[in-house]
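Single-structure report; data block below.
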Amino acid sequence: MDFKRLRILRELADRGTVGATADALRVTPSAVSQQLKTLQEELGVVLVEKSGRGVRLTEAGLAMAGAAAEVATAMARAEATIDTYRLGWQTRIKAAFFPSAAEMFLPGLLHRVKEIEGLRFEAHFEDPGVAGFAALAADYDIVLAHSVDGPEVFARQGLQVIPLLDEPLDVAVPAGHALAGKATLSAEDVVGFPWMGVPDGFPFDTVLRQIETQADSPALRAQLFPDLRVLEALVSAGHGLSLLPRYTALKNQGRGFVLRPLRGVKASRSIVALARPEAAARTTIREVLAMLKAEAQAVAEAPELRDAAHSG
């Protein structure tokens, strides 16, 4: 059984089409189809079948794709074992960051990865909805992701999930607003004001829906914008309230807005690193993941954030 053919099957399971699989492996679609045909002949079972204008994996194909992932993980572990006895390391790591994760972690992480001699660490911008993060692991060694529903959202998708940080989501209130004088806010306090929100499908909108449920009243979504800095600017200009992540927004508190915690509503997001199991088994990627965890701890314990919280 040829592992290269198993890898093609695994990529097809993740990517969904022969064309996308061919692009990822840098071969032609006809080469992908031929290798799949040969694998089927070797195994004596049908692995793919026609579906409309494309193909889909049969039950046997899905089972073999899962087995291929296990084989890839085992081979990566074997390579990692050899890595510890070699002078050479993996020389290039690609990581995907959503905007506020890059703001929090990337400056410090880039200092840390300099410890790995010869490593080229590439940070790329990606900002999908929650459902889109897992798919990025097909193209990146490490994917930074976040969800208001906890890390288990990603664990169900066959990926290695490394929890980094639980970050509270606070209500941003314009300075001088009637609510700015309160130490904490309830759903009933905030639901009646205009909201500077995020588009449907972005994690923070889930919390706003909880506020609506708790207050038994709809919120007025006056503006929907996916950029946190824009939301800060809109709140600072007095246009309404918004939900902002505490660690990334707290240092800007006082520039036209203040942050107030919500009570009675689960308002936090889990920030995690995602990787395919075979990627997470590699020595160099394990090192970088450990550095990411250390950087996340440093962010959470930063004294300037504590000082900003007291000054608010």
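In the structure tokens, chains take letters A, B, ... by order of appearance, with residues numbered from 1 within each chain and ligands from 1 in the order shown.
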
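The shell of residues at most 9 Å from segment 210-227 of chain A, with only C-alpha atoms counted and near chain neighbours (fewer than 5 positions) removed, consists of Pro99, Ser186, Ala187, Glu188, Asp189, Val190, Val191, Gly192, Phe193, Pro194, Trp195, Met196, Gly197, Val198, Pro199, Asp200, Phe202, Asp205, Glu232, His239, Gly240, Gly264, Val265, Lys266 and Ala267 of chain A.
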
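Taking only segment 120-180 of chain A, the residues that DSSP calls strand (DSSP E or B) from the backbone come to Arg120, Phe121, Glu122, Ala123, His124, Phe125, Ile142, Val143, Leu144, Ala145, His146, Ser147, Gln160, Val161, Ile162, Pro163, Leu164, Leu165, Asp166, Glu167, Pro168, Leu169, Asp170, Val171, Ala172, Val173 and Pro174 of chain A.
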
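Of the residues under consideration (A:Leu231, A:Val45, A:Val32, A:Ala95), A:Ala95 shows the shortest atom-to-atom contact distance to Leu136 of chain A when counting only C-alpha atoms.
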
Discussion item. Based on the backbone DSSP call, show me all residues of segment 24-95 of chain A assigned helix (DSSP H, G or I), as a ChimeraX atom specification.
Written reply: /A:24-25,29-43,59-83

Hey, could you make a per-residue contact list for segment 17-96 of chain A against segment 111-135 of chain A with 6 Å as the cut-off, showing the nearest pair of atoms and its distance in Å to one decimal, counting only C-alpha atoms, sorted by chain and number, as a tab-separated table?
residue	atom	partner	partner_atom	distance
A:Thr91	CA	A:Leu119	CA	4.5
A:Arg92	CA	A:Arg120	CA	4.6
A:Ile93	CA	A:Phe121	CA	5.0
A:Lys94	CA	A:Glu122	CA	4.8
A:Ala95	CA	A:Ala123	CA	5.0
A:Ala96	CA	A:His124	CA	4.8

Worksheet item: Using only C-alpha atoms, which residues sit within 10 Å of Gly181 of chain A once same-chain residues fewer than 6 positions away are excluded, as an MDAnalysis selection string?
Response: chainID A and resid 173 175 258 260

Discussion item. Need the shell around Gln297 of chain A: protein/DNA/RNA residues with any atom at most 9 Å away, counting only C-alpha atoms. Skip same-chain ones fewer than 4 positions apart. Format as a list in words?
Written reply: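 Within the cut-off, the hits are Leu164, Leu165, Leu292, Lys293, Glu301 and Ala302 of chain A.
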
Selection file, N, CA, C and O atoms, as an mmCIF file, in the first residue's frame:
data_model
loop_
_atom_site.group_PDB
_atom_site.id
_atom_site.type_symbol
_atom_site.label_atom_id
_atom_site.label_comp_id
_atom_site.auth_asym_id
_atom_site.auth_seq_id
_atom_site.Cartn_x
_atom_site.Cartn_y
_atom_site.Cartn_z
ATOM 1 N N LEU A 164 -4.976 28.120 24.685
ATOM 2 C CA LEU A 164 -4.004 29.171 24.970
ATOM 3 C C LEU A 164 -4.504 30.154 26.017
ATOM 4 O O LEU A 164 -3.773 30.522 26.942
ATOM 5 N N LEU A 165 -5.775 30.582 25.886
ATOM 6 C CA LEU A 165 -6.234 31.688 26.722
ATOM 7 C C LEU A 165 -7.758 31.707 26.760
ATOM 8 O O LEU A 165 -8.400 31.459 25.749
ATOM 9 N N LEU A 292 4.028 29.479 22.091
ATOM 10 C CA LEU A 292 2.733 30.158 22.029
ATOM 11 C C LEU A 292 2.020 30.112 23.384
ATOM 12 O O LEU A 292 1.447 31.110 23.834
ATOM 13 N N LYS A 293 2.070 28.954 24.044
ATOM 14 C CA LYS A 293 1.451 28.836 25.357
ATOM 15 C C LYS A 293 2.125 29.758 26.365
ATOM 16 O O LYS A 293 1.457 30.400 27.180
ATOM 17 N N GLU A 301 -0.920 37.654 32.214
ATOM 18 C CA GLU A 301 -0.350 38.128 33.473
ATOM 19 C C GLU A 301 0.328 39.482 33.360
ATOM 20 O O GLU A 301 0.953 39.939 34.321
ATOM 21 N N ALA A 302 0.195 40.151 32.214
ATOM 22 C CA ALA A 302 0.896 41.424 31.992
ATOM 23 C C ALA A 302 0.456 42.472 33.013
ATOM 24 O O ALA A 302 -0.738 42.743 33.152
#

Worksheet entry | segment 33-35 of chain A surroundings by only C-alpha atoms, 8 Å radius, close-in-sequence under 2 positions cut, as a list of chain:residue names |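 Counting only the stated atoms, we get A:Arg5, A:Ile8, A:Val18, A:Pro29, A:Ser30, A:Ala31, A:Lys37, A:Thr38, A:Leu39.
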
Fill in: Best match for closeness to Leu243 of chain A among A:Ala281, A:Ala69, A:Met291, A:Val171, counting only C-alpha atoms
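Using only C-alpha atoms, Leu243 of chain A sits closest to A:Val171.
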